[in-house]
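Visitor: Please find one structure pasted underneath; my questions will follow.
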Amino acid sequence: YDRPAGNVRMSAMLRSVTELSSRLRGFLRGLWSSPQFPDRARTRSAQVTNILAMTVFVMGLVYLGLARSMPALHLRGDWMVLCCVLSYLVPLFLIRVGRVHVGGTIVLGLFWMTGTVLAMTNGGITAPAATFYVILVLTAGLMSAGRAIFVVTGLCFVSLAAMVYLKKRGILPAAVLTPTDASRVISLSMLFVWILVMTRATLRQLDEALTNPETENEARKKTEVELRKIEAELRQLNLDLEERVATRTRELLTAKDEALSASRAKSEFLATMS
């Protein structure tokens, strides 16, 4: 009797685990997918903002996990990095409530601030975090269709020049951790992952941009066919209506002539009788 009861408990546990994993996948899928808007430019900006924020958030959690579990890698895992990672939840929330422009501006600002702070506290432009500026410039171009890329590029250039100047003047803060080959490899690996993700997103947007005109043309053709069909039906209805009006008019004229004939016959009969 104990074995069937154990099988039932095991089946119930497996169902619970399956349901929990399904909910978790749905939750992660909902976080990864960005909302859709009637404006295509707004939808594209929301997609890029969502992908960047989610990618940085996930890679930041992985980075913190490596820093905590493997101190020999000389990765930063302090509260500053944790705050930077958690701050990317703000633009994720904003784009889901429709504040796409604000969310995009915040995510670019957060990314610039993260790269600048980490670079300035780890040796300046030689720090692995300086590669964040490459990601920032490319993301600004994808997010705003080239409008903000010049501003972001100038800001990154000024930041790098400022770090060089501060280092020469001896004002740059001392490095929290000395970058090692392992830390540089990890930073470059994250850069490659980001390039892979954003390239995939860019190709998807290009595919949608090429597919949408075809879909619109098909929809326009279907609409034209339906309009022609409706126009033909209206034309036929007009012809039927004109024919019915003409038939009714003829019937009324015939009835009128018959009534006049009957009236004349009655008048003649009365005149004859009198």
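By convention in this document, the chains of the structure tokens carry letters A, B, ... by their order, each chain's residues are numbered from 1, and ligands are numbered from 1 in the order they are shown.
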As a ChimeraX atom specification, please: the residues near Asp78 in chain A (cut-off 10 Å, only C-alpha atoms, same-chain neighbours under 5 positions excluded).
Guide: /A:64,67-68,83
Visitor: Residues near Leu136 in chain A, anyone? I mean within 12 Å using only C-alpha atoms, not counting same-chain ones fewer than 4 positions away, as a PyMOL selection string.
Guide: chain A and resi 48-49+52-53+56+104-105+107-116+129-132+140-143+148-157+191+194-195+198
Visitor: Quick one: residues within 9 Å of Ala201 in chain A, only C-alpha atoms counted, chain neighbours fewer than 5 positions away excluded, as number ranges by chain?
Guide: A: 47-48, 51, 196, 206
Visitor: Using only C-alpha atoms, which of the listed residues (A:Arg264, A:Leu86, A:Arg250, A:Ser187) sits closest to Leu66 in chain A?
Guide: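 Using only C-alpha atoms, Leu66 in chain A sits closest to A:Ser187.
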Visitor: Pick out the closest residue to Thr126 in chain A from this set: A:Gly60, A:Thr180, A:Ser45, A:Val102. Count only C-alpha atoms.
Guide: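 Distance minimum relative to Thr126 in chain A lands on A:Thr180.
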Visitor: Record the distance separating CA of Ile125 in chain A and CA of Ala162 in chain A, expressed in Å with one decimal.
Guide: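 Rounded to one decimal, the two atoms are 9.8 Å apart.
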Visitor: Applying 12 Å and only C-alpha atoms, which residues near Phe192 in chain A remain after dropping the ones on its own chain fewer than 6 positions away? List them as a PyMOL selection string.
Guide: chain A and resi 55+59+131-132+134-135+185-186+198-199
Visitor: Between A:Glu251, A:Ala12, A:Val197, A:Arg76, single out the one closest to Met54 in chain A, counting only C-alpha atoms.
Guide: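 Smallest distance to Met54 in chain A is found for A:Val197.
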Visitor: Please list as a PDB file with N, CA, C and O atoms, in the first residue's frame every residue within 10 Å of Ala127 in chain A, counting only C-alpha atoms and excluding residues in the same chain fewer than 3 positions away.
Guide:
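In the end it all went to result_27.pdb:
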ATOM      1  N   GLY A 115      29.628  52.169 -17.681  1.00  0.00           N
ATOM      2  CA  GLY A 115      30.938  52.057 -18.303  1.00  0.00           C
ATOM      3  C   GLY A 115      31.916  53.079 -17.770  1.00  0.00           C
ATOM      4  O   GLY A 115      33.094  52.765 -17.534  1.00  0.00           O
ATOM      5  N   LEU A 118      32.844  52.232 -13.924  1.00  0.00           N
ATOM      6  CA  LEU A 118      33.694  51.045 -13.835  1.00  0.00           C
ATOM      7  C   LEU A 118      35.067  51.283 -14.456  1.00  0.00           C
ATOM      8  O   LEU A 118      36.083  50.786 -13.959  1.00  0.00           O
ATOM      9  N   ALA A 119      35.109  52.059 -15.552  1.00  0.00           N
ATOM     10  CA  ALA A 119      36.399  52.333 -16.186  1.00  0.00           C
ATOM     11  C   ALA A 119      37.252  53.258 -15.323  1.00  0.00           C
ATOM     12  O   ALA A 119      38.465  53.036 -15.154  1.00  0.00           O
ATOM     13  N   MET A 120      36.640  54.297 -14.755  1.00  0.00           N
ATOM     14  CA  MET A 120      37.402  55.255 -13.950  1.00  0.00           C
ATOM     15  C   MET A 120      37.916  54.631 -12.659  1.00  0.00           C
ATOM     16  O   MET A 120      38.934  55.074 -12.122  1.00  0.00           O
ATOM     17  N   THR A 121      37.238  53.635 -12.138  1.00  0.00           N
ATOM     18  CA  THR A 121      37.682  52.999 -10.892  1.00  0.00           C
ATOM     19  C   THR A 121      38.506  51.744 -11.148  1.00  0.00           C
ATOM     20  O   THR A 121      38.776  50.994 -10.201  1.00  0.00           O
ATOM     21  N   ASN A 122      38.865  51.494 -12.429  1.00  0.00           N
ATOM     22  CA  ASN A 122      39.670  50.309 -12.743  1.00  0.00           C
ATOM     23  C   ASN A 122      40.800  50.620 -13.710  1.00  0.00           C
ATOM     24  O   ASN A 122      41.176  49.781 -14.521  1.00  0.00           O
ATOM     25  N   GLY A 123      41.293  51.851 -13.689  1.00  0.00           N
ATOM     26  CA  GLY A 123      42.480  52.156 -14.478  1.00  0.00           C
ATOM     27  C   GLY A 123      42.245  53.006 -15.700  1.00  0.00           C
ATOM     28  O   GLY A 123      43.176  53.200 -16.496  1.00  0.00           O
ATOM     29  N   GLY A 124      41.048  53.512 -15.926  1.00  0.00           N
ATOM     30  CA  GLY A 124      40.805  54.393 -17.064  1.00  0.00           C
ATOM     31  C   GLY A 124      40.482  53.632 -18.340  1.00  0.00           C
ATOM     32  O   GLY A 124      39.794  52.619 -18.338  1.00  0.00           O
ATOM     33  N   ALA A 130      35.869  49.869 -20.535  1.00  0.00           N
ATOM     34  CA  ALA A 130      35.895  50.889 -21.588  1.00  0.00           C
ATOM     35  C   ALA A 130      35.283  50.382 -22.884  1.00  0.00           C
ATOM     36  O   ALA A 130      34.857  51.172 -23.735  1.00  0.00           O
ATOM     37  N   THR A 131      35.213  49.058 -23.050  1.00  0.00           N
ATOM     38  CA  THR A 131      34.567  48.506 -24.251  1.00  0.00           C
ATOM     39  C   THR A 131      33.066  48.752 -24.259  1.00  0.00           C
ATOM     40  O   THR A 131      32.418  48.583 -25.300  1.00  0.00           O
ATOM     41  N   ALA A 175      42.807  52.009  -9.008  1.00  0.00           N
ATOM     42  CA  ALA A 175      42.006  50.876  -9.464  1.00  0.00           C
ATOM     43  C   ALA A 175      41.568  50.019  -8.282  1.00  0.00           C
ATOM     44  O   ALA A 175      42.374  49.691  -7.403  1.00  0.00           O
ATOM     45  N   LEU A 177      40.374  46.933  -8.581  1.00  0.00           N
ATOM     46  CA  LEU A 177      40.989  45.639  -8.885  1.00  0.00           C
ATOM     47  C   LEU A 177      41.827  45.793 -10.147  1.00  0.00           C
ATOM     48  O   LEU A 177      41.394  46.434 -11.111  1.00  0.00           O
ATOM     49  N   THR A 178      43.014  45.218 -10.132  1.00  0.00           N
ATOM     50  CA  THR A 178      43.874  45.278 -11.317  1.00  0.00           C
ATOM     51  C   THR A 178      43.346  44.315 -12.373  1.00  0.00           C
ATOM     52  O   THR A 178      43.164  43.123 -12.091  1.00  0.00           O
ATOM     53  N   PRO A 179      43.051  44.804 -13.597  1.00  0.00           N
ATOM     54  CA  PRO A 179      42.537  43.900 -14.636  1.00  0.00           C
ATOM     55  C   PRO A 179      43.542  42.808 -14.976  1.00  0.00           C
ATOM     56  O   PRO A 179      44.748  43.050 -15.068  1.00  0.00           O
ATOM     57  N   THR A 180      43.049  41.613 -15.113  1.00  0.00           N
ATOM     58  CA  THR A 180      43.874  40.470 -15.494  1.00  0.00           C
ATOM     59  C   THR A 180      43.454  39.986 -16.871  1.00  0.00           C
ATOM     60  O   THR A 180      42.463  40.460 -17.443  1.00  0.00           O
ATOM     61  N   SER A 183      39.945  38.571 -16.642  1.00  0.00           N
ATOM     62  CA  SER A 183      38.878  39.574 -16.609  1.00  0.00           C
ATOM     63  C   SER A 183      38.675  40.214 -17.974  1.00  0.00           C
ATOM     64  O   SER A 183      37.543  40.501 -18.378  1.00  0.00           O
ATOM     65  N   ARG A 184      39.767  40.420 -18.707  1.00  0.00           N
ATOM     66  CA  ARG A 184      39.626  40.977 -20.057  1.00  0.00           C
ATOM     67  C   ARG A 184      38.924  39.994 -20.987  1.00  0.00           C
ATOM     68  O   ARG A 184      38.093  40.396 -21.823  1.00  0.00           O
ATOM     69  N   SER A 187      35.220  40.120 -20.134  1.00  0.00           N
ATOM     70  CA  SER A 187      34.604  41.342 -20.648  1.00  0.00           C
ATOM     71  C   SER A 187      34.425  41.283 -22.166  1.00  0.00           C
ATOM     72  O   SER A 187      33.368  41.657 -22.704  1.00  0.00           O
TER      73      SER A 187
END
Visitor: Select from range 10-240 of chain A everything DSSP, run on the backbone, classes as alpha helix (DSSP H), then give the selection as a PyMOL selection string.
Guide: chain A and resi 10-32+40-69+79-86+89-96+100-120+132-144+149-169+181-240
